[in-house]
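Below is the file data.txt, which contains compact mmCIF, C-alpha atoms.
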# COMPACT_ATOMS: atom_id res chain seq x y z
CA MET A 1414 -35.03 -8.37 26.45
CA LYS A 1415 -36.07 -10.76 23.72
CA THR A 1416 -35.20 -8.25 21.00
CA TYR A 1417 -31.71 -7.82 22.45
CA PHE A 1418 -31.10 -11.56 22.16
CA LYS A 1419 -32.48 -11.57 18.65
CA VAL A 1420 -30.30 -8.65 17.55
CA ALA A 1421 -27.22 -10.12 19.24
CA GLY A 1422 -28.00 -13.51 17.72
CA ILE A 1423 -28.22 -12.12 14.18
CA LEU A 1424 -24.99 -10.12 14.55
CA GLY A 1425 -23.32 -13.20 16.06
CA LEU A 1426 -24.53 -15.30 13.15
CA ILE A 1427 -23.17 -12.84 10.57
CA CYS A 1428 -19.82 -12.84 12.38
CA ALA A 1429 -19.78 -16.65 12.57
CA VAL A 1430 -20.51 -17.04 8.85
CA ALA A 1431 -17.81 -14.49 8.04
CA ALA A 1432 -15.34 -16.30 10.33
CA VAL A 1433 -16.04 -19.69 8.71
CA ILE A 1434 -15.58 -18.28 5.20
CA LEU A 1435 -12.36 -16.50 6.22
CA ALA A 1436 -11.01 -19.63 7.91
CA TRP A 1437 -11.65 -21.62 4.75
CA VAL A 1438 -10.01 -19.03 2.48
CA ASN A 1439 -7.07 -18.86 4.91
CA SER A 1440 -6.61 -22.64 4.88
CA VAL A 1441 -6.37 -22.53 1.08
CA THR A 1442 -4.08 -19.51 0.81
CA ALA A 1443 -1.81 -19.82 3.90
CA PRO A 1444 0.50 -22.57 2.55
CA LYS A 1445 0.90 -20.71 -0.74
CA ILE A 1446 1.72 -17.48 1.09
CA ALA A 1447 4.29 -19.23 3.33
CA GLU A 1448 5.90 -20.81 0.27
CA TYR A 1449 6.08 -17.45 -1.48
CA ASP A 1450 7.54 -15.66 1.57
CA GLN A 1451 10.21 -18.32 1.95
CA SER A 1452 11.22 -18.10 -1.70
CA GLN A 1453 11.37 -14.30 -1.40
CA THR A 1454 13.66 -14.47 1.64
CA LEU A 1455 15.90 -17.00 -0.08
CA MET A 1456 16.10 -14.81 -3.18
CA ALA A 1457 16.96 -11.78 -1.03
CA LEU A 1458 19.75 -13.71 0.73
CA GLU A 1459 21.17 -14.84 -2.62
CA ALA A 1460 21.00 -11.27 -3.90
CA VAL A 1461 23.00 -9.78 -1.01
CA SER A 1462 25.45 -12.66 -0.55
CA GLY A 1463 27.98 -10.97 -2.87
CA GLY A 1464 28.99 -14.31 -4.35
CA PHE A 1465 30.08 -15.81 -1.00
CA ASP A 1466 28.77 -19.08 0.41
CA ILE A 1467 25.82 -18.70 2.76
CA GLY A 1468 26.22 -20.43 6.14
CA GLU A 1469 23.89 -21.50 8.96
CA LYS A 1470 21.38 -19.00 10.28
CA ARG A 1471 21.83 -17.99 13.96
CA PHE A 1472 19.01 -16.19 15.73
CA ASP A 1473 19.84 -13.40 18.16
CA ASP A 1474 17.37 -12.83 21.02
CA THR A 1475 19.56 -10.27 22.75
CA SER A 1476 19.26 -7.56 20.09
CA ASP A 1477 16.09 -5.75 19.03
CA THR A 1478 17.60 -4.64 15.76
CA VAL A 1479 19.23 -7.86 14.55
CA SER A 1480 16.87 -10.83 14.18
CA TYR A 1481 19.43 -13.27 12.81
CA ILE A 1482 22.98 -13.46 11.51
CA ILE A 1483 24.34 -15.68 8.76
CA PRO A 1484 28.09 -16.08 8.31
CA LEU A 1485 29.45 -15.77 4.77
CA THR A 1486 32.43 -17.87 3.80
CA GLN A 1487 34.80 -18.19 0.87
CA ASN A 1488 36.84 -21.39 0.47
CA GLY A 1489 35.98 -22.27 4.05
CA LYS A 1490 37.29 -18.94 5.38
CA SER A 1491 35.07 -16.40 7.05
CA ALA A 1492 34.36 -13.50 4.67
CA GLY A 1493 31.53 -11.55 6.28
CA TYR A 1494 27.97 -11.73 7.51
CA ILE A 1495 24.40 -11.29 6.40
CA LEU A 1496 22.12 -9.66 8.98
CA GLU A 1497 18.38 -9.35 9.00
CA LEU A 1498 17.70 -5.94 10.49
CA ASN A 1499 14.54 -4.48 12.00
CA ALA A 1500 14.14 -0.78 11.35
CA THR A 1501 11.37 1.70 12.01
CA GLY A 1502 10.03 3.77 9.14
CA TYR A 1503 7.16 6.14 8.60
CA GLY A 1504 4.66 3.30 8.21
CA GLY A 1505 5.98 1.23 11.13
CA ALA A 1506 8.31 -1.76 11.12
CA MET A 1507 10.61 -2.44 8.17
CA LYS A 1508 12.73 -5.52 7.61
CA LEU A 1509 15.89 -5.48 5.55
CA VAL A 1510 18.77 -7.82 4.88
CA ALA A 1511 22.28 -6.46 4.59
CA SER A 1512 25.64 -8.10 4.02
CA TYR A 1513 28.85 -6.80 5.56
CA ASP A 1514 32.48 -7.76 5.23
CA LEU A 1515 34.48 -8.55 8.38
CA ALA A 1516 35.42 -4.87 8.85
CA GLY A 1517 31.76 -3.90 8.92
CA GLU A 1518 31.69 -2.43 5.42
CA ILE A 1519 28.34 -2.81 3.68
CA ILE A 1520 28.44 -5.09 0.62
CA ALA A 1521 24.75 -5.07 -0.35
CA VAL A 1522 21.37 -4.18 1.14
CA LYS A 1523 17.86 -5.25 0.21
CA MET A 1524 14.55 -4.07 1.61
CA LEU A 1525 12.21 -6.92 2.53
CA SER A 1526 8.87 -6.02 4.11
CA ASN A 1527 7.71 -2.49 4.84
CA SER A 1528 4.57 -0.36 4.94
CA GLU A 1529 6.08 2.84 3.62
CA THR A 1530 4.12 5.27 1.49
CA PRO A 1531 4.15 4.32 -2.21
CA GLY A 1532 6.02 6.89 -4.28
CA ILE A 1533 7.77 8.29 -1.20
CA GLY A 1534 9.28 5.93 1.40
CA LYS A 1535 8.47 2.91 -0.79
CA LYS A 1536 11.21 4.09 -3.18
CA SER A 1537 13.60 2.42 -0.74
CA GLU A 1538 12.65 -0.86 -2.45
CA ASP A 1539 14.46 0.28 -5.61
CA PRO A 1540 17.87 -1.43 -5.73
CA SER A 1541 19.48 1.93 -6.57
CA TYR A 1542 18.21 3.46 -3.30
CA MET A 1543 20.70 1.43 -1.30
CA ASP A 1544 23.69 2.51 -3.45
CA LYS A 1545 24.45 5.38 -1.06
CA PHE A 1546 25.13 2.91 1.75
CA ILE A 1547 27.31 0.44 -0.13
CA GLY A 1548 30.98 0.69 0.77
CA THR A 1549 30.27 2.62 3.96
CA GLY A 1550 30.53 1.34 7.52
CA GLY A 1551 34.15 0.19 7.30
CA ASP A 1552 36.56 3.12 6.98
CA GLY A 1553 33.81 5.61 6.15
CA GLU A 1554 30.83 6.16 8.41
CA VAL A 1555 27.35 4.96 7.42
CA PRO A 1556 25.50 8.17 6.47
CA THR A 1557 22.77 8.62 9.08
CA SER A 1558 21.80 12.22 8.32
CA LYS A 1559 21.05 13.99 5.08
CA SER A 1560 24.02 16.32 5.53
CA GLN A 1561 26.35 13.35 5.00
CA LEU A 1562 24.92 12.72 1.52
CA SER A 1563 25.73 14.34 -1.81
CA SER A 1564 23.13 16.89 -2.94
CA ASP A 1565 21.67 14.48 -5.50
CA GLN A 1566 21.32 11.72 -2.92
CA ALA A 1567 19.88 14.13 -0.35
CA GLN A 1568 17.27 15.28 -2.83
CA ALA A 1569 16.33 11.67 -3.55
CA VAL A 1570 15.50 11.06 0.12
CA SER A 1571 13.81 14.41 0.78
CA GLY A 1572 10.20 13.92 1.75
CA ALA A 1573 11.09 10.48 3.06
CA THR A 1574 13.50 11.43 5.83
CA VAL A 1575 11.93 9.09 8.38
CA THR A 1576 12.43 6.10 6.09
CA PHE A 1577 16.02 7.12 5.38
CA THR A 1578 16.86 7.66 9.05
CA GLY A 1579 15.30 4.32 10.02
CA ILE A 1580 17.24 2.40 7.39
CA SER A 1581 20.56 4.16 8.00
CA LYS A 1582 20.41 3.74 11.79
CA ALA A 1583 19.73 0.01 11.43
CA LEU A 1584 22.59 -0.34 8.94
CA ASP A 1585 24.94 1.61 11.18
CA TYR A 1586 24.03 -0.61 14.13
CA GLY A 1587 24.60 -3.67 11.93
CA SER A 1588 28.06 -2.45 11.04
CA ASP A 1589 29.08 -2.19 14.71
CA TYR A 1590 27.41 -5.52 15.43
CA VAL A 1591 29.41 -7.27 12.70
CA ARG A 1592 32.70 -5.83 13.92
CA LYS A 1593 32.00 -7.17 17.40
CA GLN A 1594 31.57 -10.68 15.96
CA GLY A 1595 35.28 -10.80 15.18
CA GLY A 1596 34.99 -13.31 12.34
CA ARG A 1597 33.21 -15.91 14.42
CA MET B 1256 -38.83 4.40 -17.31
CA MET B 1257 -37.40 1.46 -15.39
CA ALA B 1258 -34.38 1.24 -17.69
CA ASN B 1259 -33.86 4.97 -17.26
CA LYS B 1260 -33.72 4.59 -13.49
CA HIS B 1261 -31.15 1.81 -13.74
CA LEU B 1262 -29.09 3.94 -16.11
CA HIS B 1263 -29.29 6.82 -13.66
CA GLU B 1264 -27.99 4.61 -10.81
CA LEU B 1265 -25.06 3.63 -12.99
CA THR B 1266 -24.12 7.07 -14.30
CA LYS B 1267 -24.81 9.32 -11.31
CA GLY B 1268 -21.55 8.37 -9.58
CA ILE B 1269 -19.44 9.38 -12.56
CA PHE B 1270 -20.09 13.10 -12.42
CA LYS B 1271 -23.31 14.31 -10.77
CA GLU B 1272 -22.67 12.51 -7.48
CA ASN B 1273 -18.96 11.85 -7.93
CA PRO B 1274 -17.82 10.31 -4.62
CA THR B 1275 -14.59 12.30 -4.50
CA PHE B 1276 -15.40 15.74 -5.89
CA ILE B 1277 -19.08 16.12 -5.01
CA ILE B 1278 -19.88 13.87 -2.03
CA MET B 1279 -16.31 14.22 -0.68
CA LEU B 1280 -16.12 10.62 0.54
CA GLY B 1281 -12.93 8.60 0.94
CA MET B 1282 -10.64 11.63 1.20
CA CYS B 1283 -8.01 9.76 3.19
CA PRO B 1284 -7.03 7.19 0.53
CA THR B 1285 -7.62 9.79 -2.18
CA LEU B 1286 -4.96 12.08 -0.78
CA GLY B 1287 -2.73 9.21 0.36
CA VAL B 1288 -2.40 7.00 -2.72
CA THR B 1289 -2.40 9.55 -5.52
CA THR B 1290 1.36 9.96 -5.69
CA GLN B 1291 1.54 7.68 -8.74
CA VAL B 1292 -1.02 6.80 -11.41
CA VAL B 1293 -0.47 3.07 -10.93
CA ASN B 1294 -1.39 3.34 -7.22
CA ALA B 1295 -4.61 5.14 -8.11
CA LEU B 1296 -5.51 2.35 -10.54
CA GLY B 1297 -4.69 -0.41 -8.04
CA MET B 1298 -6.67 1.24 -5.28
CA SER B 1299 -9.61 1.74 -7.63
CA ALA B 1300 -9.59 -1.92 -8.65
CA GLY B 1301 -9.69 -2.97 -4.99
CA VAL B 1302 -12.50 -0.54 -4.24
CA LEU B 1303 -14.52 -1.73 -7.24
CA PHE B 1304 -14.38 -5.35 -6.12
CA VAL B 1305 -15.12 -4.69 -2.45
CA LEU B 1306 -17.82 -2.10 -3.12
CA LEU B 1307 -19.60 -4.36 -5.60
CA CYS B 1308 -19.50 -7.39 -3.29
CA SER B 1309 -20.50 -5.44 -0.17
CA ASN B 1310 -23.30 -3.52 -1.88
CA VAL B 1311 -24.79 -6.74 -3.29
CA MET B 1312 -24.40 -8.60 0.01
CA ILE B 1313 -25.89 -5.79 2.10
CA SER B 1314 -28.76 -5.34 -0.32
CA LEU B 1315 -29.47 -9.08 -0.02
CA LEU B 1316 -29.31 -8.93 3.78
CA LYS B 1317 -31.18 -5.65 4.21
CA ASN B 1318 -34.27 -7.34 5.65
CA VAL B 1319 -32.23 -9.62 7.92
CA ILE B 1320 -29.91 -7.08 9.55
CA PRO B 1321 -31.64 -5.31 12.49
CA ASP B 1322 -31.50 -1.53 12.23
CA SER B 1323 -29.81 -1.04 15.59
CA VAL B 1324 -26.71 -3.07 14.68
CA ARG B 1325 -26.52 -2.31 10.98
CA ILE B 1326 -23.19 -0.44 11.13
CA PRO B 1327 -21.29 -3.27 12.93
CA ALA B 1328 -22.89 -5.75 10.55
CA TYR B 1329 -21.77 -3.72 7.51
CA VAL B 1330 -18.26 -3.42 8.90
CA VAL B 1331 -18.07 -7.21 9.36
CA VAL B 1332 -19.24 -7.81 5.78
CA ILE B 1333 -16.85 -5.22 4.31
CA ALA B 1334 -13.87 -6.31 6.40
CA SER B 1335 -14.46 -9.95 5.41
CA PHE B 1336 -14.43 -9.12 1.70
CA VAL B 1337 -11.29 -7.03 2.08
CA THR B 1338 -9.54 -9.83 3.99
CA ILE B 1339 -10.54 -12.37 1.34
CA VAL B 1340 -9.18 -10.11 -1.43
CA GLU B 1341 -5.99 -9.63 0.55
CA MET B 1342 -5.37 -13.33 1.18
CA VAL B 1343 -6.23 -14.40 -2.37
CA MET B 1344 -4.02 -11.69 -3.89
CA HIS B 1345 -1.13 -12.49 -1.55
CA ALA B 1346 -1.30 -16.17 -2.48
CA PHE B 1347 -1.97 -16.01 -6.21
CA VAL B 1348 -0.82 -12.62 -7.52
CA PRO B 1349 1.91 -11.58 -5.05
CA SER B 1350 3.23 -8.85 -7.36
CA VAL B 1351 -0.10 -6.99 -7.33
CA TYR B 1352 -0.40 -7.57 -3.60
CA LYS B 1353 3.01 -6.05 -3.07
CA ALA B 1354 2.25 -3.05 -5.25
CA LEU B 1355 -0.94 -2.23 -3.35
CA GLY B 1356 0.74 -2.70 0.02
CA VAL B 1357 -0.91 -0.86 2.87
CA TYR B 1358 -3.82 0.40 0.75
CA LEU B 1359 -5.52 -2.98 0.51
CA PRO B 1360 -6.41 -3.19 4.22
CA LEU B 1361 -7.20 0.52 4.12
CA ILE B 1362 -10.21 -0.23 1.91
CA VAL B 1363 -12.00 -1.42 5.07
CA VAL B 1364 -12.11 2.13 6.36
CA ASN B 1365 -12.78 3.73 3.00
CA CYS B 1366 -15.98 5.63 3.74
CA ILE B 1367 -17.24 5.31 0.17
CA ILE B 1368 -17.95 1.66 0.86
CA LEU B 1369 -19.62 2.14 4.24
CA GLY B 1370 -21.30 5.28 2.91
CA ARG B 1371 -22.88 3.51 -0.05
CA ALA B 1372 -23.96 0.58 2.14
CA GLU B 1373 -25.67 2.98 4.53
CA ALA B 1374 -27.05 5.49 2.03
CA PHE B 1375 -27.99 3.22 -0.82
CA ALA B 1376 -27.63 -0.56 -0.63
CA ASN B 1377 -29.79 -1.03 2.47
CA LYS B 1378 -32.75 0.69 0.80
CA ASN B 1379 -32.52 -0.53 -2.79
CA THR B 1380 -32.72 -3.71 -4.87
CA VAL B 1381 -29.71 -5.91 -5.59
CA LEU B 1382 -29.53 -4.81 -9.23
CA ASP B 1383 -29.63 -1.10 -8.40
CA SER B 1384 -27.07 -1.58 -5.63
CA ALA B 1385 -24.72 -3.35 -8.02
CA LEU B 1386 -25.16 -0.57 -10.61
CA ASP B 1387 -24.60 2.06 -7.92
CA ALA B 1388 -21.38 0.28 -6.89
CA ILE B 1389 -20.10 0.14 -10.46
CA GLY B 1390 -20.97 3.79 -11.14
CA MET B 1391 -19.43 5.02 -7.91
CA SER B 1392 -16.27 2.98 -8.56
CA ILE B 1393 -15.94 4.47 -12.05
CA GLY B 1394 -16.34 7.94 -10.56
CA PHE B 1395 -13.77 7.14 -7.89
CA THR B 1396 -11.36 5.72 -10.50
CA LEU B 1397 -11.65 8.79 -12.74
CA ALA B 1398 -11.19 11.19 -9.83
CA LEU B 1399 -8.21 9.32 -8.38
CA THR B 1400 -6.55 8.93 -11.77
CA LEU B 1401 -7.00 12.63 -12.52
CA ILE B 1402 -5.48 13.70 -9.19
CA ALA B 1403 -2.64 11.17 -9.49
CA LEU B 1404 -1.90 12.19 -13.07
CA ILE B 1405 -1.59 15.88 -12.19
CA ARG B 1406 0.43 15.17 -9.03
CA GLU B 1407 2.82 12.75 -10.68
CA VAL B 1408 3.37 14.78 -13.85
CA PHE B 1409 4.16 17.97 -11.94
CA GLY B 1410 5.69 16.43 -8.83
CA ALA B 1411 7.94 13.81 -10.39
CA GLY B 1412 7.84 14.41 -14.15
CA THR B 1413 6.72 10.85 -14.81
CA ILE B 1414 3.57 8.85 -15.46
CA THR B 1415 3.86 5.42 -13.86
CA LEU B 1416 1.59 2.80 -15.40
CA ILE B 1417 1.51 -0.98 -15.20
CA PRO B 1418 4.71 -2.57 -16.60
CA ILE B 1419 4.06 -4.78 -19.64
CA GLY B 1420 6.78 -7.16 -20.84
CA ASP B 1421 10.04 -5.27 -21.37
CA TRP B 1422 8.47 -1.86 -20.87
CA ASP B 1423 8.82 -0.72 -17.25
CA GLY B 1424 5.60 1.27 -17.37
CA VAL B 1425 7.14 4.68 -16.74
CA VAL B 1426 6.60 7.60 -19.13
CA SER B 1427 9.06 10.43 -18.57
CA ILE B 1428 8.18 14.05 -19.25
CA PRO B 1429 11.23 16.04 -20.35
CA GLY B 1430 11.84 19.21 -18.38
CA LEU B 1431 9.64 18.29 -15.45
CA ARG B 1432 11.69 15.13 -14.91
CA THR B 1433 14.77 17.25 -14.17
CA TRP B 1434 12.98 20.13 -12.43
CA PRO B 1435 9.89 18.70 -10.75
CA VAL B 1436 7.55 20.74 -8.56
CA ARG B 1437 8.24 18.46 -5.63
CA ILE B 1438 5.54 19.83 -3.35
CA MET B 1439 2.93 18.14 -5.57
CA THR B 1440 3.98 14.66 -4.41
CA LEU B 1441 3.90 15.71 -0.76
CA ALA B 1442 0.80 15.92 1.44
CA ALA B 1443 0.54 19.71 1.10
CA GLY B 1444 0.42 19.40 -2.68
CA ALA B 1445 -2.40 16.87 -2.44
CA LEU B 1446 -4.52 19.20 -0.32
CA LEU B 1447 -3.70 22.16 -2.54
CA LEU B 1448 -4.69 20.32 -5.71
CA MET B 1449 -7.81 18.86 -4.10
CA GLY B 1450 -8.92 22.39 -3.19
CA TYR B 1451 -8.46 23.65 -6.74
CA LEU B 1452 -10.23 20.67 -8.27
CA LYS B 1453 -13.12 20.92 -5.81
CA ALA B 1454 -13.46 24.62 -6.64
CA PHE B 1455 -13.38 23.85 -10.35
CA PHE B 1456 -16.04 21.15 -10.12
CA GLY B 1457 -18.19 23.35 -7.86
CA TRP B 1458 -17.97 26.20 -10.36
CA TYR B 1459 -18.68 23.90 -13.29
CA SER B 1460 -21.74 22.21 -11.79
CA GLU B 1461 -23.14 25.58 -10.69
CA LYS B 1462 -22.73 26.91 -14.21
CA LYS B 1463 -24.46 23.85 -15.59
CA GLN B 1464 -27.33 24.22 -13.12
CA LYS B 1465 -27.85 27.88 -14.02
CA ARG B 1466 -27.99 27.02 -17.68
CA GLY B 1467 -30.77 24.67 -16.99

Could you express the structure from this file as structure tokens?
Amino acid sequence: MKTYFKVAGILGLICAVAAVILAWVNSVTAPKIAEYDQSQTLMALEAVSGGFDIGEKRFDDTSDTVSYIIPLTQNGKSAGYILELNATGYGGAMKLVASYDLAGEIIAVKMLSNSETPGIGKKSEDPSYMDKFIGTGGDGEVPTSKSQLSSDQAQAVSGATVTFTGISKALDYGSDYVRKQGGR
Amino acid sequence: MMANKHLHELTKGIFKENPTFIIMLGMCPTLGVTTQVVNALGMSAGVLFVLLCSNVMISLLKNVIPDSVRIPAYVVVIASFVTIVEMVMHAFVPSVYKALGVYLPLIVVNCIILGRAEAFANKNTVLDSALDAIGMSIGFTLALTLIALIREVFGAGTITLIPIGDWDGVVSIPGLRTWPVRIMTLAAGALLLMGYLKAFFGWYSEKKQKRG
């Protein structure tokens, strides 16, 4: 019995020391990480705003796909929206921001956080990856399957179909979502 | 004699006991990250740091940790180092953190690290454990870089290195860039190549043994 306590005590001690060290490192790094994440999000919003003025953020609890919506305005008139979208890729959850005009046409898209495979699904972080979606969603449909892409574009997403499907479905949902807002 | 032993601990991981090709440890990250050369280098850097720290720490604690709970104790030590690396990188070098992505936390379950703790560090001195860690990491780096180089050159027609200044770090190979052998970047290509390389290294070391 005594040896059990001793063994448990030693393991507990190792865990406690590790926890204290980790807590200390976390207290040093957490504010810096929060600061960095905020600046990244701000940069992403600027990048997709398409030159319009960025309005107040509104959170949406009713939708799983849309986490928040930001109206875009020009000279005080409503011009479109930025949405933060949750998509599912090969490596789990992905977050992206996309801007749409009032008709639901995609202006710009940027991948935020994801755990996709480097060299395969991670290619979706390249700005050029999102080119195939820009201008779709209004009159033209958002391409949600490879057959809707040109052969070059289809080849670029081959091997990373799950990433592509995840992104395109979220963008397509966003397009409908924006149209339902009716310029509000 | 003593110096020779230390030298042996350092160099054995590079070829004779190469963790990837001979001991076959850490196959999961090996096959997973080797789509681009830069990923192989990043993963290797992470492994070097964590392996060195954990080997030294476990060698120091080898008389304290009871035998019956040694594996949980090693896992706690290794996971703590990985988490520290992750938090420090995220806060101070976010670009490197971003590039390594999911592979940083994966180092926790990299069996090279647990394997070396179990097979070497808990029986040997701190110095030898540190040398073992460095040697094994060099062997791991060379193996990963070799696999990544072959896969990227044939599968994508590029060699992606670390971007410096204006240079984006990508070397293009004419011909293969336009007509890549795409299977090489996919999982099947990784297994295929691993099989060939393993066969080659098996053949080579057997030949060497026969010769004397």

Would you list which chain B residues are within 6 Å of chain A using only C-alpha atoms, as a ChimeraX atom specification?
/B:1290,1346,1357

Need to verify the contact set: A:Leu1426, 12 Å, all atoms listed in the file, exclusion of same-chain residues closer than 6 positions in sequence. Can you return it as a PyMOL selection string?
(chain A and resi 1418-1420+1432-1433) or (chain B and resi 1319-1320+1328+1331-1332)

Distance in Å - atom CA of B:Tyr1358 versus atom CA of A:Thr1478
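Computing the Euclidean distance for atom CA of B:Tyr1358 and atom CA of A:Thr1478 yields 26.6 Å.
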
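Relative to atom CA of B:Phe1395, atom CA of B:Thr1275 is found at 6.2 Å.
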
Spatial neighbours of A:Gln1594, max dist 12 Å, all atoms listed in the file, sep filter under 2 positions, as a PDB file with C-alpha atoms, in the frame of the given file:
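What landed in part_10.pdb:
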ATOM      1  CA  ILE A1482      22.980 -13.460  11.510  1.00  0.00           C
ATOM      2  CA  ILE A1483      24.340 -15.680   8.760  1.00  0.00           C
ATOM      3  CA  PRO A1484      28.090 -16.080   8.310  1.00  0.00           C
ATOM      4  CA  SER A1491      35.070 -16.400   7.050  1.00  0.00           C
ATOM      5  CA  ALA A1492      34.360 -13.500   4.670  1.00  0.00           C
ATOM      6  CA  GLY A1493      31.530 -11.550   6.280  1.00  0.00           C
ATOM      7  CA  TYR A1494      27.970 -11.730   7.510  1.00  0.00           C
ATOM      8  CA  ILE A1495      24.400 -11.290   6.400  1.00  0.00           C
ATOM      9  CA  LEU A1496      22.120  -9.660   8.980  1.00  0.00           C
ATOM     10  CA  TYR A1513      28.850  -6.800   5.560  1.00  0.00           C
ATOM     11  CA  ASP A1514      32.480  -7.760   5.230  1.00  0.00           C
ATOM     12  CA  LEU A1515      34.480  -8.550   8.380  1.00  0.00           C
ATOM     13  CA  ALA A1516      35.420  -4.870   8.850  1.00  0.00           C
ATOM     14  CA  GLY A1517      31.760  -3.900   8.920  1.00  0.00           C
ATOM     15  CA  GLY A1587      24.600  -3.670  11.930  1.00  0.00           C
ATOM     16  CA  SER A1588      28.060  -2.450  11.040  1.00  0.00           C
ATOM     17  CA  ASP A1589      29.080  -2.190  14.710  1.00  0.00           C
ATOM     18  CA  TYR A1590      27.410  -5.520  15.430  1.00  0.00           C
ATOM     19  CA  VAL A1591      29.410  -7.270  12.700  1.00  0.00           C
ATOM     20  CA  ARG A1592      32.700  -5.830  13.920  1.00  0.00           C
ATOM     21  CA  GLY A1596      34.990 -13.310  12.340  1.00  0.00           C
ATOM     22  CA  ARG A1597      33.210 -15.910  14.420  1.00  0.00           C
TER      23      ARG A1597
END

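Minimum distance to A:Thr1501 across A:Val1570, A:Leu1458, A:Val1575, A:Ala1521 (counting all atoms listed in the file) occurs at A:Val1575.
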
May I have the residues within 9 Å of B:Gly1390 as a PyMOL selection string, using all atoms listed in the file and disregarding those fewer than 4 positions away in the same chain?
chain B and resi 1264-1269+1273+1385-1386+1394-1395

Around (-5.0, -6.6, 3.3) in the file's own coordinates, what residues are found within 6 Å if you use only C-alpha atoms, given back as a VMD selection string?
chain B and resid 1338 1341 1359 to 1360

Selected residues written out with C-alpha atoms, as a short mmCIF file (atom, residue, chain, number, x, y, z; two decimals), in the coordinates of the input:
data_model
loop_
_atom_site.label_atom_id
_atom_site.label_comp_id
_atom_site.auth_asym_id
_atom_site.auth_seq_id
_atom_site.Cartn_x
_atom_site.Cartn_y
_atom_site.Cartn_z
CA THR B 1338 -9.54 -9.83 3.99
CA GLU B 1341 -5.99 -9.63 0.55
CA LEU B 1359 -5.52 -2.98 0.51
CA PRO B 1360 -6.41 -3.19 4.22
#

Residues near A:Val1522, anyone? I mean within 7 Å using all atoms listed in the file, not counting same-chain ones fewer than 4 positions away, as a list in words.
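That gives Val1461, Val1510, Ala1511, Ser1512 and Met1543 of chain A.
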
Dump of C-alpha atoms for the selected residues, as a short mmCIF file (atom, residue, chain, number, x, y, z; two decimals), in the frame of the given file:
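Writing done, so here's selection-v8.cif:
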data_model
loop_
_atom_site.label_atom_id
_atom_site.label_comp_id
_atom_site.auth_asym_id
_atom_site.auth_seq_id
_atom_site.Cartn_x
_atom_site.Cartn_y
_atom_site.Cartn_z
CA VAL A 1461 23.00 -9.78 -1.01
CA VAL A 1510 18.77 -7.82 4.88
CA ALA A 1511 22.28 -6.46 4.59
CA SER A 1512 25.64 -8.10 4.02
CA MET A 1543 20.70 1.43 -1.30
#

Fewer than 5 positions away in the same chain doesn't count, so skip those; otherwise give me all residues within 10 Å of B:Ala1295, counting all atoms listed in the file, as number ranges by chain.
B: 1284-1285, 1287-1290, 1300, 1355, 1395-1404, 1416

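Between atom CA of B:Asn1379 and atom CA of B:Ser1309 lies a distance of 13.2 Å.
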
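Here the question is which of B:Val1425, B:Ile1419, B:Met1449, B:Val1381 gets nearest to B:Ser1314 using only C-alpha atoms, and that residue is B:Val1381.
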